[in-house]
file my_file.pdb (PDB, C-alpha atoms, pLDDT in the B column)
ATOM      1  CA  MET X   1     130.640 154.539  64.809  1.00 94.00           C
ATOM      2  CA  LYS X   2     127.975 156.717  63.195  1.00 96.00           C
ATOM      3  CA  LEU X   3     128.829 155.249  59.808  1.00 96.00           C
ATOM      4  CA  PHE X   4     128.277 151.744  61.177  1.00 96.00           C
ATOM      5  CA  PHE X   5     124.809 152.614  62.508  1.00 97.00           C
ATOM      6  CA  THR X   6     123.929 154.292  59.232  1.00 97.00           C
ATOM      7  CA  PHE X   7     124.961 151.126  57.421  1.00 97.00           C
ATOM      8  CA  LEU X   8     122.760 149.068  59.743  1.00 97.00           C
ATOM      9  CA  GLN X   9     119.780 151.335  59.175  1.00 97.00           C
ATOM     10  CA  VAL X  10     120.196 151.201  55.411  1.00 98.00           C
ATOM     11  CA  SER X  11     120.566 147.415  55.431  1.00 98.00           C
ATOM     12  CA  GLN X  12     117.450 147.104  57.614  1.00 98.00           C
ATOM     13  CA  LEU X  13     115.505 149.272  55.187  1.00 98.00           C
ATOM     14  CA  ILE X  14     116.675 147.225  52.199  1.00 98.00           C
ATOM     15  CA  PHE X  15     115.788 143.991  53.997  1.00 98.00           C
ATOM     16  CA  LEU X  16     112.329 145.309  54.870  1.00 98.00           C
ATOM     17  CA  VAL X  17     111.637 146.373  51.288  1.00 98.00           C
ATOM     18  CA  LEU X  18     112.801 143.003  49.948  1.00 98.00           C
ATOM     19  CA  LEU X  19     110.654 141.188  52.494  1.00 98.00           C
ATOM     20  CA  ILE X  20     107.566 143.161  51.481  1.00 98.00           C
ATOM     21  CA  VAL X  21     108.245 142.584  47.776  1.00 98.00           C
ATOM     22  CA  TYR X  22     108.757 138.847  48.336  1.00 98.00           C
ATOM     23  CA  ALA X  23     105.567 138.530  50.403  1.00 98.00           C
ATOM     24  CA  SER X  24     103.637 140.392  47.706  1.00 98.00           C
ATOM     25  CA  PHE X  25     105.057 138.062  45.065  1.00 98.00           C
ATOM     26  CA  LEU X  26     103.959 135.017  47.069  1.00 98.00           C
ATOM     27  CA  ILE X  27     100.430 136.359  47.492  1.00 98.00           C
ATOM     28  CA  VAL X  28     100.110 137.228  43.805  1.00 98.00           C
ATOM     29  CA  SER X  29     101.436 133.821  42.724  1.00 98.00           C
ATOM     30  CA  LEU X  30      98.995 132.122  45.107  1.00 98.00           C
ATOM     31  CA  VAL X  31      96.064 134.015  43.604  1.00 98.00           C
ATOM     32  CA  ILE X  32      97.186 133.333  40.030  1.00 98.00           C
ATOM     33  CA  GLY X  33      97.695 129.634  40.793  1.00 97.00           C
ATOM     34  CA  GLY X  34      94.262 129.398  42.384  1.00 96.00           C
ATOM     35  CA  VAL X  35      92.593 131.041  39.407  1.00 96.00           C
ATOM     36  CA  HIS X  36      94.486 128.745  37.042  1.00 95.00           C
ATOM     37  CA  LEU X  37      93.397 125.629  38.952  1.00 94.00           C
ATOM     38  CA  TYR X  38      89.796 126.884  39.112  1.00 92.00           C
ATOM     39  CA  GLU X  39      89.692 127.445  35.358  1.00 92.00           C
ATOM     40  CA  LYS X  40      91.288 124.055  34.713  1.00 90.00           C
ATOM     41  CA  ARG X  41      88.725 122.286  36.914  1.00 89.00           C
ATOM     42  CA  LYS X  42      85.887 124.234  35.302  1.00 86.00           C
ATOM     43  CA  SER X  43      87.011 123.333  31.792  1.00 84.00           C
ATOM     44  CA  LYS X  44      87.384 119.657  32.799  1.00 80.00           C
ATOM     45  CA  ALA X  45      83.846 119.678  34.198  1.00 76.00           C
ATOM     46  CA  ASN X  46      82.534 121.251  30.974  1.00 76.00           C
ATOM     47  CA  LEU X  47      84.260 118.545  28.911  1.00 72.00           C
ATOM     48  CA  ALA X  48      82.717 115.817  31.080  1.00 70.00           C
ATOM     49  CA  VAL X  49      79.235 117.332  30.727  1.00 71.00           C
ATOM     50  CA  CYS X  50      79.578 117.832  26.970  1.00 73.00           C
ATOM     51  CA  SER X  51      80.818 114.292  26.308  1.00 63.00           C
ATOM     52  CA  ASP X  52      77.807 112.694  28.059  1.00 57.00           C
TER      53      ASP X  52
END
call {"tool": "encode", "arguments": {"input": "my_file.pdb", "output": "structure tokens"}}
result
Amino acid sequence: MKLFFTFLQVSQLIFLVLLIVYASFLIVSLVIGGVHLYEKRKSKANLAVCSD
């Protein structure tokens, strides 16, 4: 029975670590995507101003 509870604790720890890593990945990808869209919009605005 002790082995079973040890297995549960280890699996909970692994799940928690994976959840934290996945959440961090989502936050980082959100920031990178936002910066990419900002730069794309800024460059489009510069092209519109320069072509006038």
call {"tool": "atom_distance", "arguments": {"input": "my_file.pdb", "atom1": "CA of Gly33 in chain X", "atom2": "CA of Val17 in chain X"}}
result
24.2 Å
call {"tool": "atom_distance", "arguments": {"input": "my_file.pdb", "atom1": "CA of Ser29 in chain X", "atom2": "CA of Leu13 in chain X"}}
result
24.3 Å
call {"tool": "atom_distance", "arguments": {"input": "my_file.pdb", "atom1": "CA of Ile20 in chain X", "atom2": "CA of Val35 in chain X"}}
result
22.7 Å
